[in-house]
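Student: Got a structure for you, questions after.
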Amino acid sequence: MNCIIVDDQDSARLVVRQLCEGIPDLDIIEEFSSAIEAIKFLNQQNVDVIFLDIHMPGFSGFDFVQTLKTPAQIVLITADKDLAIEAYEYESISDYLVKPITQERFNKSMNKVKNNLRRTSVMHQGGPLSDPIGNDLYINIDRRLTKLKFDDILFIKAKGDYIDVKTHKEMYVVHSTLKKIKDKLPDNIFLQTHRSYIINFTKIIDIEDNSVLIEKNVIPISRSNRPELIRRLNLL
Amino acid sequence: MKNCVIVEDEQTALEVAKHLAVKYGALNILATFDKAEEALAYVNKNGKVDIVFLDIHLPDMSGFSFLENLTSTPKVVLVTADKNLALTAYNFDLVVDYLVKPLQKDRFMEAINQC
């Protein structure tokens with residue numbers, strides 16, 4: 001597991017480093033004293049685990065979690081006992097450790113993180129709501145689980161707490177997040193083109209500078225996602 | 001469809017949880033309990049329970065004692081009016097979420113989506 005430590009205090013980072021020493025297959029690849037620097041780093045590279053302080057100058061741990069786009073597991077490390085209830089608001093936060101942290105509690109936390117990571121990767125390969133062949137996805141519409149074939153999905157758009165799933169015939173509104181559905185979709189045909197859009201790129205009709213056309217829908221491509229799209233195309 | 005059990009001693013809170021679980025969560029409610037001990041015996045014996053909605057302050061034992069005595073491994077969503085026990089909840093790996101009463105639909109759905 002690759003991890004990073006984000007804490008403004010040198011001594012606190014050292015403590016985490018020492019706790020990590022006893023854990024096999026846990027590599028600290030970088031340390032940051034500023035949350036902003038960590039975000040810049042994470043825009044370039046994915047990690048599995050982020051050890052995160054809550055109280056940092058300028059940008060709190062919760063601000064950090066909100067801006068995060070990567071699916072890493074977050075372990076909060078803090079001296080403040082009073083924010084655990086707030087931590088439960090964020091699915092990506094898998095544990096909340098209060099200093100001083102015993103090695104025993106830390107080891108328990110790492111087991112939990114490992115299990116969560118394993119579960120996420122299982123979901124990625126199909127998961128409980130896909131059929132064993134893995135050609136479709138079930139979505140919950142008005143208490144009914146509706147089957148959608150991957151190949152019928154044109155694109156998915158994020159809309160607050162909901163996502164719009166567009167097929168040739170229908171537009172389904174589902175209570176879920178883009179991140180969650182992304183984990184369930186096969187990445188050989190789906191691609192995120194924008195923070196609010198995932199497209200089925202086999203359905204593309206043409207591509208302009210900053211948009212793609214799918215049937216009659218113009219979908220934006222953000223600058224950061226464009227290279228990946230171009231890379232996947234069979235260009236002449 | 002996932003099977004759930006609701007452990008809640010307060011009648012109104014129980015009704016709200018039942019309503020949300022069925023209407024929005026598409027869950028099958030196997031049983032509801034107002035005491036922890038009976039619930040514990042049921043969940044430990046019945047391997048089909050996927051999710052337990054668990055109040056923390058129960059008349060006969062606390063939700064945390066319930067968790068300590070659990071021998072099966074369902075996902076547990078704590079439902080309580082007490083905001084001060086979230087830190088303790090993090091010590092239990094089975095706990096996937098901590099909801100503060102009164103239950104809200106959106107927050108409830110977020111919890112179910114993690115189960």
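Within each chain, counting starts at residue 1; across the structure tokens, chains are named A, B, ... in the order shown, with ligands numbered 1 upward in that order.
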Using only C-alpha atoms and a cut-off of 9 Å, which residues of chain B sit close to chain A? Please list them as a list in words.

Tutor: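 The complete set of qualifying residues is Val22, Lys23, Tyr24, Gly25, Ala26, Lys83, Asn84, Leu85, Ala86, Leu87, Thr88, Ala89, Tyr90, Asn91, Asp93, Val96, Asp97, Tyr98, Leu99, Val100, Asp106, Arg107, Met109, Glu110, Ala111, Asn113 and Gln114 of chain B.
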
Student: If DSSP is run on the backbone, what residues of segment 32-96 of chain B are strand (DSSP E)? A reply as a ChimeraX atom specification would be ideal.

Tutor: /B:32-33,51-54,75-80,95-96

Student: For C-alpha atoms, I'd like the residues from the last selection saved as a PDB file, in the first residue's frame.

Tutor:
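New file out08.pdb:
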```pdb
ATOM      1  CA  THR B  32     -37.174  -5.447  14.722  1.00  0.00           C
ATOM      2  CA  PHE B  33     -36.239  -5.469  18.419  1.00  0.00           C
ATOM      3  CA  ILE B  51     -27.274  -4.931   7.948  1.00  0.00           C
ATOM      4  CA  VAL B  52     -28.103  -4.073  11.559  1.00  0.00           C
ATOM      5  CA  PHE B  53     -29.475  -0.632  12.401  1.00  0.00           C
ATOM      6  CA  LEU B  54     -28.483  -0.225  16.011  1.00  0.00           C
ATOM      7  CA  LYS B  75     -22.607  -4.322   8.552  1.00  0.00           C
ATOM      8  CA  VAL B  76     -23.739  -2.091  11.373  1.00  0.00           C
ATOM      9  CA  VAL B  77     -25.236   1.384  11.074  1.00  0.00           C
ATOM     10  CA  LEU B  78     -25.449   3.136  14.440  1.00  0.00           C
ATOM     11  CA  VAL B  79     -28.504   5.321  14.875  1.00  0.00           C
ATOM     12  CA  THR B  80     -28.532   7.545  17.925  1.00  0.00           C
ATOM     13  CA  VAL B  95     -19.673  -0.057  12.046  1.00  0.00           C
ATOM     14  CA  VAL B  96     -19.947   1.528   8.609  1.00  0.00           C
TER      15      VAL B  96
END
```

Student: I need the residue nearest Ile214 of chain A from this list: A:Leu191, A:Leu154, A:Ile181, A:Ile74. Use only C-alpha atoms for the distance.

Tutor: A:Leu154

Student: In Å, how far is it from atom CA of Val47 of chain A to atom CA of Ala72 of chain A?

Tutor: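 Between these atoms lies a distance of 6.1 Å.
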
Student: For atom CA of Glu215 of chain A and atom CA of Thr193 of chain A, determine how far apart the two atoms are, in Å to one decimal place.

Tutor: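 One can read the atom CA of Glu215 of chain A to atom CA of Thr193 of chain A distance as 16.2 Å.
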
Student: Show which residues sit within 10 Å of Ala36 of chain B, as number ranges by chain. Count only C-alpha atoms, and ignore same-chain residues fewer than 6 positions away.

Tutor: B: 7-9, 42, 54-63, 65-66

Student: With only C-alpha atoms as the counted atoms, please give the residues lying no more than 9 Å from Asn210 of chain A, apart from itself and same-chain residues fewer than 5 positions off, as a list in words.

Tutor: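 Here the answer would be Ile219, Pro220, Ile221, Ser222, Arg223 and Arg226 of chain A.
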
Student: Could you turn the residues from that selection into a file that holds N, CA and C atoms, as an mmCIF file, in the first residue's frame?

Tutor:
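Written file, selection09.cif:
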```cif
data_model
loop_
_atom_site.group_PDB
_atom_site.id
_atom_site.type_symbol
_atom_site.label_atom_id
_atom_site.label_comp_id
_atom_site.auth_asym_id
_atom_site.auth_seq_id
_atom_site.Cartn_x
_atom_site.Cartn_y
_atom_site.Cartn_z
ATOM 1 N N ILE A 219 -20.754 16.792 -24.735
ATOM 2 C CA ILE A 219 -20.200 16.534 -23.394
ATOM 3 C C ILE A 219 -18.859 17.253 -23.273
ATOM 4 N N PRO A 220 -18.660 18.004 -22.199
ATOM 5 C CA PRO A 220 -17.393 18.719 -22.057
ATOM 6 C C PRO A 220 -16.209 17.795 -21.734
ATOM 7 N N ILE A 221 -15.059 18.188 -22.230
ATOM 8 C CA ILE A 221 -13.818 17.492 -21.848
ATOM 9 C C ILE A 221 -12.962 18.508 -21.118
ATOM 10 N N SER A 222 -12.498 18.159 -19.935
ATOM 11 C CA SER A 222 -11.629 19.103 -19.237
ATOM 12 C C SER A 222 -10.199 18.902 -19.739
ATOM 13 N N ARG A 223 -9.406 19.943 -19.568
ATOM 14 C CA ARG A 223 -8.043 19.903 -20.097
ATOM 15 C C ARG A 223 -7.245 18.732 -19.516
ATOM 16 N N ARG A 226 -8.294 15.358 -21.189
ATOM 17 C CA ARG A 226 -8.172 15.227 -22.637
ATOM 18 C C ARG A 226 -7.049 14.282 -23.089
#
```

Student: So the first atom is atom CA of Val75 of chain A and the second is atom CA of Pro57 of chain A; what is the distance between them in Å, to one decimal place?

Tutor: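 Calculated distance between atom CA of Val75 of chain A and atom CA of Pro57 of chain A is 18.9 Å.
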
Student: Using only C-alpha atoms, determine which residues lie at most 9 Å from Val6 of chain A, disregarding the query and same-chain residues fewer than 5 positions distant; provide the list as an NGL selection string.

Tutor: :A and (13 or 30-35 or 38 or 50-53 or 61)

Student: DSSP on the backbone: what in chain B comes out alpha helix (DSSP H), as a PyMOL selection string?

Tutor: chain B and resi 11-23+36-45+63-68+86-89+105-113
